[in-house]
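S.K.: The file below is input-v1.csv, CSV, C-alpha atoms:
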```
chain,number,residue,atom,x,y,z
U,1,MET,CA,-193.0,-9.0,-70.4
U,2,ALA,CA,-189.5,-9.9,-70.2
U,3,GLU,CA,-188.6,-13.3,-71.5
U,4,MET,CA,-187.0,-15.7,-69.1
U,5,THR,CA,-184.1,-17.7,-70.5
U,6,THR,CA,-184.2,-21.2,-69.1
U,7,PRO,CA,-182.0,-24.0,-70.2
U,8,GLU,CA,-185.0,-25.9,-71.4
U,9,SER,CA,-186.1,-23.2,-73.7
U,10,GLY,CA,-182.5,-23.0,-74.8
U,11,ALA,CA,-182.5,-26.7,-75.6
U,12,LYS,CA,-185.7,-26.3,-77.5
U,13,LYS,CA,-184.2,-23.7,-79.5
U,14,LYS,CA,-181.3,-26.0,-80.5
U,15,GLY,CA,-183.7,-28.6,-81.8
U,16,HIS,CA,-185.4,-31.6,-80.3
U,17,LYS,CA,-182.4,-33.6,-79.1
U,18,LYS,CA,-182.7,-36.0,-76.1
U,19,VAL,CA,-180.4,-35.6,-73.1
U,20,ARG,CA,-178.2,-38.7,-73.0
U,21,SER,CA,-176.0,-39.7,-70.2
U,22,LYS,CA,-172.6,-40.7,-71.2
U,23,LYS,CA,-172.3,-44.5,-71.9
U,24,MET,CA,-170.1,-46.1,-69.4
U,25,SER,CA,-168.6,-49.6,-69.6
U,26,THR,CA,-170.2,-52.1,-67.2
U,27,ARG,CA,-167.0,-54.1,-66.9
U,28,VAL,CA,-165.4,-54.0,-63.6
U,29,ASP,CA,-161.9,-55.2,-63.1
U,30,LEU,CA,-162.3,-58.3,-60.9
U,31,THR,CA,-158.6,-59.1,-60.5
U,32,ALA,CA,-158.4,-57.7,-57.1
U,33,MET,CA,-161.5,-59.5,-56.0
U,34,VAL,CA,-160.2,-62.8,-57.2
U,35,ASP,CA,-156.9,-62.2,-55.5
U,36,LEU,CA,-158.7,-61.6,-52.2
U,37,GLY,CA,-160.9,-64.6,-52.8
U,38,PHE,CA,-157.9,-66.9,-53.2
U,39,LEU,CA,-156.1,-65.4,-50.3
U,40,LEU,CA,-159.0,-66.3,-48.1
U,41,ILE,CA,-159.3,-69.8,-49.6
U,42,THR,CA,-155.7,-70.4,-48.8
U,43,PHE,CA,-156.2,-69.3,-45.2
U,44,PHE,CA,-159.2,-71.5,-44.7
U,45,MET,CA,-157.5,-74.5,-46.4
U,46,LEU,CA,-154.5,-74.2,-44.1
U,47,ALA,CA,-156.7,-73.7,-41.0
U,48,THR,CA,-158.7,-76.8,-41.8
U,49,THR,CA,-157.5,-79.9,-40.1
U,50,PHE,CA,-158.0,-82.6,-42.7
U,51,ASN,CA,-156.4,-85.6,-41.0
U,52,LYS,CA,-158.4,-86.2,-37.9
U,53,PRO,CA,-156.4,-88.0,-35.2
U,54,LYS,CA,-157.0,-91.7,-34.9
U,55,ALA,CA,-157.5,-93.8,-31.8
U,56,MET,CA,-155.7,-96.9,-30.7
U,57,GLU,CA,-157.7,-99.1,-28.5
U,58,VAL,CA,-156.2,-100.6,-25.4
U,59,ASN,CA,-157.7,-103.3,-23.3
U,60,LYS,CA,-156.2,-103.9,-19.9
U,61,PRO,CA,-157.0,-106.8,-17.8
U,62,ALA,CA,-159.1,-106.0,-14.8
U,63,LYS,CA,-157.2,-105.4,-11.6
U,64,ASP,CA,-156.2,-108.4,-9.6
U,65,ASP,CA,-158.9,-108.3,-6.9
U,66,GLU,CA,-161.5,-109.4,-9.4
U,67,ILE,CA,-159.7,-112.3,-10.9
U,68,ASP,CA,-158.9,-115.6,-9.2
U,69,GLN,CA,-155.2,-116.2,-9.7
U,70,LYS,CA,-155.9,-119.9,-10.2
U,71,ASP,CA,-158.0,-119.2,-13.3
U,72,LEU,CA,-155.1,-117.6,-15.1
U,73,PRO,CA,-153.6,-119.8,-17.8
U,74,GLU,CA,-150.0,-120.5,-17.6
U,75,ILE,CA,-147.9,-119.5,-20.5
U,76,LYS,CA,-144.7,-121.3,-21.4
U,77,GLN,CA,-141.7,-119.0,-21.2
U,78,SER,CA,-140.5,-120.2,-24.6
U,79,LYS,CA,-143.7,-118.8,-26.2
U,80,THR,CA,-143.0,-115.4,-24.8
U,81,TYR,CA,-141.0,-112.5,-25.9
U,82,THR,CA,-140.3,-109.7,-23.5
U,83,VAL,CA,-139.5,-106.1,-24.6
U,84,LEU,CA,-138.3,-103.6,-22.0
U,85,ILE,CA,-139.0,-100.1,-23.2
U,86,ALA,CA,-136.3,-97.9,-21.7
U,87,ALA,CA,-135.4,-94.3,-21.7
U,88,ASN,CA,-133.5,-92.7,-24.6
U,89,ASP,CA,-135.5,-94.7,-27.2
U,90,LYS,CA,-133.8,-97.9,-26.2
U,91,ALA,CA,-135.5,-101.3,-26.3
U,92,TYR,CA,-134.2,-104.5,-24.7
U,93,CYS,CA,-135.7,-107.7,-25.9
U,94,TYR,CA,-135.2,-111.2,-24.7
U,95,THR,CA,-136.8,-114.7,-24.6
U,96,ALA,CA,-136.9,-116.3,-21.2
U,97,SER,CA,-136.0,-120.0,-21.0
U,98,ASP,CA,-138.5,-122.6,-19.8
U,99,ASP,CA,-136.2,-123.8,-17.0
U,100,ASP,CA,-135.5,-121.3,-14.3
U,101,SER,CA,-131.9,-120.9,-15.0
U,102,GLY,CA,-132.4,-117.2,-15.8
U,103,ASN,CA,-130.0,-117.4,-18.7
U,104,VAL,CA,-131.2,-115.1,-21.3
U,105,SER,CA,-129.6,-113.4,-24.3
U,106,VAL,CA,-130.7,-109.8,-24.5
U,107,ASP,CA,-131.0,-107.8,-27.7
U,108,SER,CA,-130.4,-104.1,-27.4
U,109,THR,CA,-132.3,-102.3,-30.1
U,110,ASP,CA,-134.3,-99.3,-31.0
U,111,PHE,CA,-137.7,-98.6,-32.4
U,112,SER,CA,-136.7,-98.0,-36.0
U,113,ARG,CA,-137.9,-100.2,-38.8
U,114,THR,CA,-134.8,-102.3,-38.8
U,115,GLY,CA,-134.7,-102.5,-35.0
U,116,PHE,CA,-137.5,-103.9,-33.0
U,117,ARG,CA,-139.6,-104.9,-35.9
U,118,GLU,CA,-137.0,-107.3,-37.3
U,119,ARG,CA,-136.4,-108.9,-33.9
U,120,LEU,CA,-140.1,-109.4,-33.5
U,121,ARG,CA,-140.4,-111.0,-36.9
U,122,GLU,CA,-137.5,-113.4,-36.2
U,123,ARG,CA,-139.2,-114.3,-33.0
U,124,GLN,CA,-142.5,-114.9,-34.7
U,125,LYS,CA,-140.8,-117.3,-37.1
U,126,ALA,CA,-139.0,-119.1,-34.3
U,127,VAL,CA,-142.3,-119.5,-32.5
U,128,ALA,CA,-144.0,-120.7,-35.7
U,129,THR,CA,-141.4,-123.4,-36.2
U,130,GLN,CA,-141.4,-124.5,-32.6
U,131,TRP,CA,-145.1,-124.4,-31.8
U,132,GLY,CA,-146.7,-124.6,-35.2
U,133,SER,CA,-148.2,-121.1,-35.5
U,134,GLN,CA,-146.8,-117.6,-34.9
U,135,ASP,CA,-150.1,-116.8,-33.1
U,136,GLU,CA,-148.7,-118.7,-30.2
U,137,LEU,CA,-146.3,-115.9,-29.5
U,138,PHE,CA,-147.1,-113.8,-26.4
U,139,VAL,CA,-145.3,-110.5,-26.2
U,140,LEU,CA,-144.8,-109.0,-22.8
U,141,ILE,CA,-144.4,-105.2,-23.0
U,142,LYS,CA,-142.7,-103.7,-20.0
U,143,PRO,CA,-142.2,-99.9,-20.2
U,144,LEU,CA,-139.8,-98.5,-17.7
U,145,PRO,CA,-141.0,-95.4,-15.8
U,146,GLN,CA,-138.6,-93.2,-17.6
U,147,SER,CA,-139.4,-94.4,-21.1
U,148,ASP,CA,-141.2,-92.1,-23.5
U,149,TYR,CA,-144.9,-92.7,-24.1
U,150,ARG,CA,-144.2,-92.4,-27.8
U,151,ASN,CA,-142.3,-95.7,-27.7
U,152,LEU,CA,-145.1,-97.5,-26.0
U,153,VAL,CA,-147.3,-96.4,-28.9
U,154,ASN,CA,-144.6,-97.6,-31.3
U,155,VAL,CA,-144.5,-101.0,-29.8
U,156,LEU,CA,-148.3,-101.3,-29.7
U,157,ASP,CA,-148.2,-100.3,-33.3
U,158,GLU,CA,-145.7,-103.0,-34.2
U,159,MET,CA,-148.1,-105.5,-32.6
U,160,ALA,CA,-150.8,-104.4,-35.0
U,161,ILE,CA,-148.5,-104.2,-38.0
U,162,ASN,CA,-147.0,-107.7,-37.5
U,163,GLY,CA,-150.3,-109.2,-36.4
U,164,VAL,CA,-149.3,-110.2,-32.9
U,165,LYS,CA,-152.5,-111.6,-31.4
U,166,LYS,CA,-151.4,-111.8,-27.8
U,167,TYR,CA,-149.6,-109.1,-25.9
U,168,ALA,CA,-149.8,-107.4,-22.6
U,169,ILE,CA,-148.5,-104.2,-21.0
U,170,ILE,CA,-147.0,-105.3,-17.7
U,171,ASP,CA,-145.9,-103.2,-14.8
U,172,GLU,CA,-144.1,-105.8,-12.8
U,173,PHE,CA,-140.5,-106.6,-13.4
U,174,ASN,CA,-138.8,-109.9,-12.7
U,175,GLY,CA,-135.3,-111.0,-12.0
U,176,PRO,CA,-133.9,-110.8,-15.6
U,177,ASP,CA,-135.5,-107.4,-16.0
U,178,SER,CA,-133.7,-105.9,-13.0
U,179,LEU,CA,-130.4,-107.4,-14.1
U,180,ILE,CA,-130.8,-105.8,-17.6
U,181,VAL,CA,-131.8,-102.5,-16.2
U,182,LYS,CA,-128.8,-102.5,-13.8
U,183,GLN,CA,-126.5,-103.6,-16.6
U,184,VAL,CA,-127.5,-100.9,-19.1
U,185,GLY,CA,-127.6,-98.1,-16.5
U,186,GLN,CA,-131.4,-97.5,-16.6
U,187,SER,CA,-133.6,-97.1,-13.6
U,188,PHE,CA,-136.9,-98.3,-12.2
U,189,GLU,CA,-137.3,-94.9,-10.5
U,190,PRO,CA,-139.3,-92.2,-12.2
U,191,ALA,CA,-137.4,-89.2,-13.4
U,192,ALA,CA,-136.6,-86.6,-10.8
U,193,ALA,CA,-139.4,-84.0,-10.8
U,194,SER,CA,-138.4,-80.9,-12.8
U,195,ASN,CA,-140.6,-77.9,-13.4
J,196,MET,CA,-140.2,-58.5,-97.2
J,197,ALA,CA,-143.3,-57.6,-95.3
J,198,LYS,CA,-143.2,-58.3,-91.6
J,199,ALA,CA,-145.8,-60.7,-90.5
J,200,LYS,CA,-148.1,-58.8,-88.2
J,201,ILE,CA,-149.4,-60.4,-85.1
J,202,ALA,CA,-152.9,-59.4,-84.3
J,203,ARG,CA,-153.0,-57.3,-81.2
J,204,LYS,CA,-155.2,-58.8,-78.6
J,205,SER,CA,-156.5,-57.3,-75.5
J,206,THR,CA,-154.7,-58.5,-72.3
J,207,ALA,CA,-157.8,-58.0,-70.2
J,208,ILE,CA,-159.3,-61.4,-69.3
J,209,ASP,CA,-162.9,-61.8,-68.1
J,210,MET,CA,-162.4,-62.6,-64.4
J,211,THR,CA,-166.1,-63.2,-63.6
J,212,ALA,CA,-165.9,-67.0,-63.8
J,213,MET,CA,-162.7,-67.2,-61.9
J,214,CYS,CA,-164.2,-64.9,-59.2
J,215,ASP,CA,-167.2,-67.2,-59.0
J,216,VAL,CA,-165.1,-70.3,-58.5
J,217,ALA,CA,-162.9,-68.6,-55.9
J,218,PHE,CA,-165.8,-67.5,-53.8
J,219,LEU,CA,-167.6,-70.8,-54.2
J,220,LEU,CA,-164.5,-72.6,-52.8
J,221,LEU,CA,-164.2,-69.9,-50.1
J,222,THR,CA,-167.7,-70.5,-49.0
J,223,PHE,CA,-167.1,-74.2,-48.8
J,224,PHE,CA,-164.0,-73.8,-46.7
J,225,ILE,CA,-165.6,-71.3,-44.4
J,226,LEU,CA,-168.5,-73.6,-43.8
J,227,THR,CA,-166.5,-76.7,-43.2
J,228,THR,CA,-163.8,-75.2,-41.0
J,229,LYS,CA,-163.9,-76.1,-37.4
J,230,PHE,CA,-161.4,-74.0,-35.5
J,231,ARG,CA,-159.2,-75.8,-33.2
J,232,PRO,CA,-160.2,-75.1,-29.6
J,233,GLN,CA,-157.8,-73.2,-27.4
J,234,GLU,CA,-155.5,-75.8,-25.9
J,235,LEU,CA,-154.4,-75.7,-22.3
J,236,ALA,CA,-151.0,-77.2,-23.2
J,237,GLN,CA,-149.2,-78.0,-26.4
J,238,ILE,CA,-149.5,-81.8,-26.9
J,239,ASN,CA,-147.6,-83.5,-29.7
J,240,ILE,CA,-149.3,-86.8,-30.1
J,241,PRO,CA,-147.3,-89.7,-31.4
J,242,ALA,CA,-148.1,-91.3,-34.8
J,243,SER,CA,-149.4,-94.8,-35.3
J,244,THR,CA,-151.0,-96.9,-38.0
J,245,ALA,CA,-154.2,-97.2,-36.1
J,246,GLN,CA,-157.1,-96.6,-38.4
J,247,ILE,CA,-160.0,-96.3,-36.0
J,248,PRO,CA,-161.5,-92.7,-36.1
J,249,ILE,CA,-162.2,-91.1,-32.8
J,250,PRO,CA,-166.0,-91.3,-32.1
J,251,ASP,CA,-167.6,-87.9,-32.5
J,252,ALA,CA,-169.8,-87.9,-29.4
J,253,ASN,CA,-169.6,-89.0,-25.7
J,254,ILE,CA,-165.9,-88.7,-25.3
J,255,LEU,CA,-164.1,-88.0,-22.0
J,256,LEU,CA,-160.8,-86.8,-23.0
J,257,ILE,CA,-157.8,-87.0,-20.6
J,258,GLN,CA,-154.9,-84.9,-21.8
J,259,VAL,CA,-151.4,-85.4,-20.4
J,260,SER,CA,-148.8,-82.9,-21.2
J,261,ASP,CA,-145.1,-83.7,-21.6
J,262,LYS,CA,-144.5,-82.5,-18.0
J,263,GLY,CA,-147.2,-84.9,-16.8
J,264,LYS,CA,-149.9,-82.3,-16.1
J,265,VAL,CA,-153.4,-83.8,-16.6
J,266,TYR,CA,-156.4,-82.0,-18.0
J,267,VAL,CA,-159.9,-83.5,-18.4
J,268,GLY,CA,-163.0,-82.6,-20.3
J,269,VAL,CA,-166.1,-84.0,-21.8
J,270,ASP,CA,-167.3,-83.0,-25.2
J,271,ASP,CA,-171.0,-82.6,-24.6
J,272,GLN,CA,-172.3,-79.5,-23.0
J,273,ASN,CA,-175.3,-81.1,-21.3
J,274,THR,CA,-173.0,-83.7,-19.7
J,275,ARG,CA,-170.7,-80.8,-18.6
J,276,GLY,CA,-173.6,-79.2,-16.8
J,277,LEU,CA,-174.6,-82.3,-14.9
J,278,TRP,CA,-171.0,-83.1,-14.3
J,279,LEU,CA,-170.5,-79.7,-12.6
J,280,ASP,CA,-173.5,-80.4,-10.3
J,281,LYS,CA,-171.9,-83.6,-9.2
J,282,ILE,CA,-168.5,-81.9,-8.7
J,283,VAL,CA,-170.1,-79.2,-6.6
J,284,GLU,CA,-171.9,-81.7,-4.5
J,285,ARG,CA,-168.9,-83.9,-4.0
J,286,TYR,CA,-166.4,-81.2,-3.0
J,287,GLN,CA,-169.0,-79.0,-1.3
J,288,LEU,CA,-168.2,-76.0,-3.4
J,289,PRO,CA,-170.4,-72.9,-3.3
J,290,LYS,CA,-173.4,-73.3,-5.6
J,291,PRO,CA,-172.5,-71.8,-9.0
J,292,THR,CA,-174.6,-69.1,-10.6
J,293,ALA,CA,-176.3,-69.6,-13.9
J,294,ALA,CA,-173.5,-67.6,-15.6
J,295,GLN,CA,-170.8,-69.7,-14.0
J,296,VAL,CA,-172.5,-72.9,-15.1
J,297,ALA,CA,-172.7,-71.5,-18.6
J,298,ASN,CA,-169.0,-70.6,-18.4
J,299,PHE,CA,-168.1,-74.2,-17.3
J,300,LYS,CA,-170.2,-75.6,-20.2
J,301,LEU,CA,-167.9,-73.7,-22.6
J,302,MET,CA,-164.8,-75.2,-21.3
J,303,ASP,CA,-163.4,-78.0,-23.4
J,304,ALA,CA,-161.1,-79.1,-20.6
J,305,PHE,CA,-159.7,-77.9,-17.3
J,306,GLY,CA,-156.8,-78.7,-15.1
J,307,VAL,CA,-157.2,-77.3,-11.6
J,308,PRO,CA,-157.7,-79.0,-8.3
J,309,ALA,CA,-161.5,-79.2,-7.6
J,310,GLU,CA,-161.2,-76.6,-4.8
J,311,ARG,CA,-160.2,-74.0,-7.4
J,312,ILE,CA,-163.1,-74.7,-9.8
J,313,PRO,CA,-165.2,-71.8,-8.5
J,314,GLU,CA,-162.3,-69.4,-9.2
J,315,LEU,CA,-162.0,-70.9,-12.7
J,316,ILE,CA,-165.6,-70.7,-13.6
J,317,GLY,CA,-166.0,-67.2,-12.0
J,318,ALA,CA,-163.4,-65.8,-14.3
J,319,LYS,CA,-164.4,-63.7,-17.3
J,320,ALA,CA,-163.5,-65.0,-20.8
J,321,ASP,CA,-160.6,-62.7,-21.2
J,322,GLN,CA,-159.1,-63.6,-17.9
J,323,LEU,CA,-159.6,-67.3,-18.2
J,324,ALA,CA,-156.4,-67.7,-20.3
J,325,LYS,CA,-154.4,-66.1,-17.6
J,326,ILE,CA,-155.3,-68.5,-14.9
J,327,GLU,CA,-152.6,-71.0,-14.5
J,328,GLN,CA,-153.9,-74.5,-14.6
J,329,PRO,CA,-151.5,-76.9,-12.8
J,330,GLY,CA,-153.3,-80.1,-13.7
J,331,ILE,CA,-155.8,-82.3,-11.9
J,332,LEU,CA,-154.7,-83.8,-8.6
J,333,MET,CA,-153.8,-87.4,-8.6
J,334,ASP,CA,-152.5,-88.0,-5.1
J,335,SER,CA,-153.1,-91.5,-3.7
J,336,LEU,CA,-155.2,-90.1,-0.9
J,337,ASN,CA,-157.0,-87.5,-2.9
J,338,ASN,CA,-157.2,-88.8,-6.5
J,339,GLN,CA,-159.5,-86.2,-8.0
J,340,LEU,CA,-159.0,-87.6,-11.5
J,341,GLY,CA,-160.6,-90.8,-10.4
J,342,ASP,CA,-163.4,-88.9,-8.8
J,343,LEU,CA,-164.0,-86.8,-11.9
J,344,VAL,CA,-164.0,-89.8,-14.2
J,345,ARG,CA,-166.4,-91.7,-12.0
J,346,MET,CA,-168.8,-88.7,-11.7
J,347,ALA,CA,-168.7,-88.1,-15.5
J,348,ARG,CA,-169.5,-91.7,-16.0
J,349,ILE,CA,-172.4,-91.5,-13.6
J,350,VAL,CA,-174.0,-88.6,-15.5
J,351,ASN,CA,-173.3,-90.1,-18.9
J,352,ASN,CA,-173.2,-93.8,-19.0
J,353,ASP,CA,-172.1,-94.0,-22.7
J,354,LEU,CA,-168.8,-92.1,-22.1
J,355,ARG,CA,-165.8,-93.5,-23.8
J,356,ILE,CA,-162.4,-92.6,-22.4
J,357,ALA,CA,-159.7,-91.3,-24.6
J,358,ILE,CA,-156.1,-90.4,-23.5
J,359,LYS,CA,-154.3,-87.8,-25.5
J,360,CYS,CA,-150.8,-87.8,-24.3
J,361,ASP,CA,-147.6,-86.1,-25.5
J,362,GLY,CA,-145.1,-88.5,-27.1
J,363,ALA,CA,-142.3,-87.3,-24.9
J,364,THR,CA,-144.2,-87.9,-21.6
J,365,ASP,CA,-142.4,-90.3,-19.2
J,366,TYR,CA,-144.3,-93.6,-19.0
J,367,ASP,CA,-144.7,-93.5,-15.2
J,368,LYS,CA,-147.0,-90.4,-15.6
J,369,VAL,CA,-149.1,-92.2,-18.2
J,370,ASP,CA,-149.2,-95.2,-16.0
J,371,LYS,CA,-150.5,-93.2,-13.1
J,372,VAL,CA,-153.4,-92.1,-15.3
J,373,ILE,CA,-154.0,-95.7,-16.5
J,374,GLN,CA,-153.9,-97.0,-12.9
J,375,THR,CA,-156.4,-94.4,-11.8
J,376,LEU,CA,-158.7,-95.4,-14.6
J,377,GLN,CA,-158.4,-99.1,-13.7
J,378,ASP,CA,-159.2,-98.2,-10.1
J,379,GLN,CA,-162.5,-96.9,-11.6
J,380,LYS,CA,-163.0,-100.2,-13.4
J,381,VAL,CA,-162.2,-98.6,-16.7
J,382,ASN,CA,-160.1,-101.3,-18.5
J,383,LYS,CA,-160.8,-100.2,-22.0
J,384,PHE,CA,-159.8,-96.9,-23.4
J,385,ASN,CA,-158.4,-95.2,-26.5
J,386,LEU,CA,-155.0,-93.7,-27.0
J,387,ILE,CA,-155.2,-90.8,-29.4
J,388,THR,CA,-152.5,-90.9,-32.1
J,389,SER,CA,-152.0,-89.2,-35.4
J,390,ALA,CA,-152.3,-91.2,-38.6
J,391,ARG,CA,-149.3,-92.6,-40.3
J,392,THR,CA,-149.3,-94.9,-43.3
J,393,SER,CA,-147.7,-98.3,-42.6
J,394,GLY,CA,-144.8,-97.9,-45.1
J,395,GLU,CA,-143.7,-94.6,-43.7
J,396,ALA,CA,-140.4,-94.7,-41.9
J,397,LYS,CA,-140.2,-93.7,-38.3
J,398,GLU,CA,-138.0,-90.9,-37.2
```
Mind turning the file's structure into structure tokens?

M.R.:
Amino acid sequence: MAEMTTPESGAKKKGHKKVRSKKMSTRVDLTAMVDLGFLLITFFMLATTFNKPKAMEVNKPAKDDEIDQKDLPEIKQSKTYTVLIAANDKAYCYTASDDDSGNVSVDSTDFSRTGFRERLRERQKAVATQWGSQDELFVLIKPLPQSDYRNLVNVLDEMAINGVKKYAIIDEFNGPDSLIVKQVGQSFEPAAASN
Amino acid sequence: MAKAKIARKSTAIDMTAMCDVAFLLLTFFILTTKFRPQELAQINIPASTAQIPIPDANILLIQVSDKGKVYVGVDDQNTRGLWLDKIVERYQLPKPTAAQVANFKLMDAFGVPAERIPELIGAKADQLAKIEQPGILMDSLNNQLGDLVRMARIVNNDLRIAIKCDGATDYDKVDKVIQTLQDQKVNKFNLITSARTSGEAKE
């Protein structure tokens, strides 16, 4: 019979050696993977909003129909400080006089740190010397229709920073207010609609 | 003189540990990220030193854009469902299908007159962004914002009201929203601002 030549028999002939697969290194180059990992980390870090917005609490008095006007306490004008928030980031502050002479000196200022805040602190000191405590101060905040909402927040913020205990947002304007508004060329009318 | 020979070292570094750290951090950020919901209008909120965090639940958010357009939404999906029932009843809209209710529940906020709500909730997800939302009506005779706030407060008594308003909005537009709220006997609300440290200078 003819002999078949198989590789097995051939191997046998060469001696009893085991077939070994070639030894490969198990090390993989991870550099690319690390790069990818950090790229994604950067993305998620930037997409995460860490500083959550904060809330500022506002309490408004209930509308007039619920309150008896007689029950409202009267506040001496000399304890008040009025700030008119106007358009173009302008503020006009004044202290009304106790008599009804209507003579007021108006400070034109802005909402920077050296602006409204300093005026308010001066006023706090003045009230403290006159009435014994700066907590007696009552700030009347009167935003004009064309003023930016941002400035209302600024003023409310100043109240919190300077520890003003009593303040109110008021929508009614009196004599001195209209005089000031007229003088400085502002308006009580809302801005013309533009779309 | 013989040159001092510096031993040659392999430049390959074992990256395994670094890789581990990278993916650990990655997992952390993926799990903690909450994507910002699609906003109806870009609103740049003013900064303040207020430190009170916004409560996580039961919020009725009124957004006012710099043009004075008003959008409302509640945060809780159950409340949204009940709210829609009330809206449908109040404005006698056609009864929404289950799919439409589900669609409404997914809306963080909306800003269309009530009559157009069926159109809004009938739209498919990809068309929703194309619908122009002109803002909630606040006419003196037909103050839908007031109605919506009242109905939301009926379905969820614990709702707190927050106003998120662009810093450049004219005050009269904010005032209109506040007056509307006060007409609904809401005298206490939150203004949403971004955080600023007290020392930081204002622009």

S.K.: Residues of chain J were defined as contacting chain U if any atom lay at most 8 Å from it, counting only C-alpha atoms; please report them as JSON, numbers by chain.

M.R.: {"J": [210, 211, 213, 214, 217, 218, 220, 221, 224, 225, 227, 228, 229, 230, 240, 241, 242, 243, 244, 245, 246, 247, 248, 249, 262, 357, 360, 361, 362, 363, 364, 365, 366, 367, 368, 369, 377, 378, 380, 382, 383, 384, 385, 386, 387, 388, 389, 390, 393, 396, 397, 398]}

S.K.: Calculate how many Å separate atom CA of Leu376 of chain J from atom CA of Asn337 of chain J, rounding to one decimal.

M.R.: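 Those two atoms sit 14.2 Å apart.
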
S.K.: Calculate how many Å separate atom CA of Gln287 of chain J from atom CA of Ala309 of chain J, rounding to one decimal.

M.R.: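 Separation of atom CA of Gln287 of chain J and atom CA of Ala309 of chain J: 9.8 Å.
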
S.K.: Please provide the set of residues having any atom within 12 Å of Ala293 of chain J, restricted to only C-alpha atoms, with same-chain residues fewer than 5 positions apart removed, written as a list of chain:residue names.

M.R.: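 Neighbouring residues, sequence-local ones excluded: J:Gly276, J:Leu279, J:Asp280, J:Asn298, J:Phe299, J:Lys300, J:Ile316, J:Gly317.
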
S.K.: Near Ser97 of chain U, counting all atoms listed in the file, which residues have an atom at most 9 Å away, once you skip same-chain residues fewer than 6 positions from it, shown as a ChimeraX atom specification?

M.R.: /U:76-78,103-104

S.K.: Which residue out of J:Lys325, J:Ala347, J:Pro313, J:Leu277 has the minimum interatomic distance to Lys290 of chain J when all atoms listed in the file are used?

M.R.: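 Nearest to Lys290 of chain J: J:Pro313.
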
S.K.: List the residues sitting within 9 Å of (-152.1, -79.3, -17.1) in the file's frame, using all atoms listed in the file, as a PyMOL selection string.

M.R.: chain J and resi 235-236+258-260+262-267+305-307+327-331

S.K.: Using only C-alpha atoms, find the one residue out of J:Ala197, J:Ile312, J:Ile257, J:Ala318 that sits nearest to Pro289 of chain J.

M.R.: J:Ile312

S.K.: Compile the contact shell of Ile254 of chain J as a PyMOL selection string: residues with an atom at most 12 Å away, counting only C-alpha atoms, same-chain residues fewer than 2 positions apart removed.

M.R.: (chain U and resi 55) or (chain J and resi 249-252+256-257+267-272+274-275+303-304+344+347-348+351-359+384-385+387)

S.K.: Using all atoms listed in the file, which residues sit within 12 Å of Gln124 of chain U once same-chain residues fewer than 4 positions away are excluded, as JSON, numbers by chain?

M.R.: {"U": [78, 79, 80, 81, 95, 117, 118, 119, 120, 128, 129, 130, 131, 132, 133, 134, 135, 136, 137, 138, 139, 159, 162, 163, 164, 165, 166]}
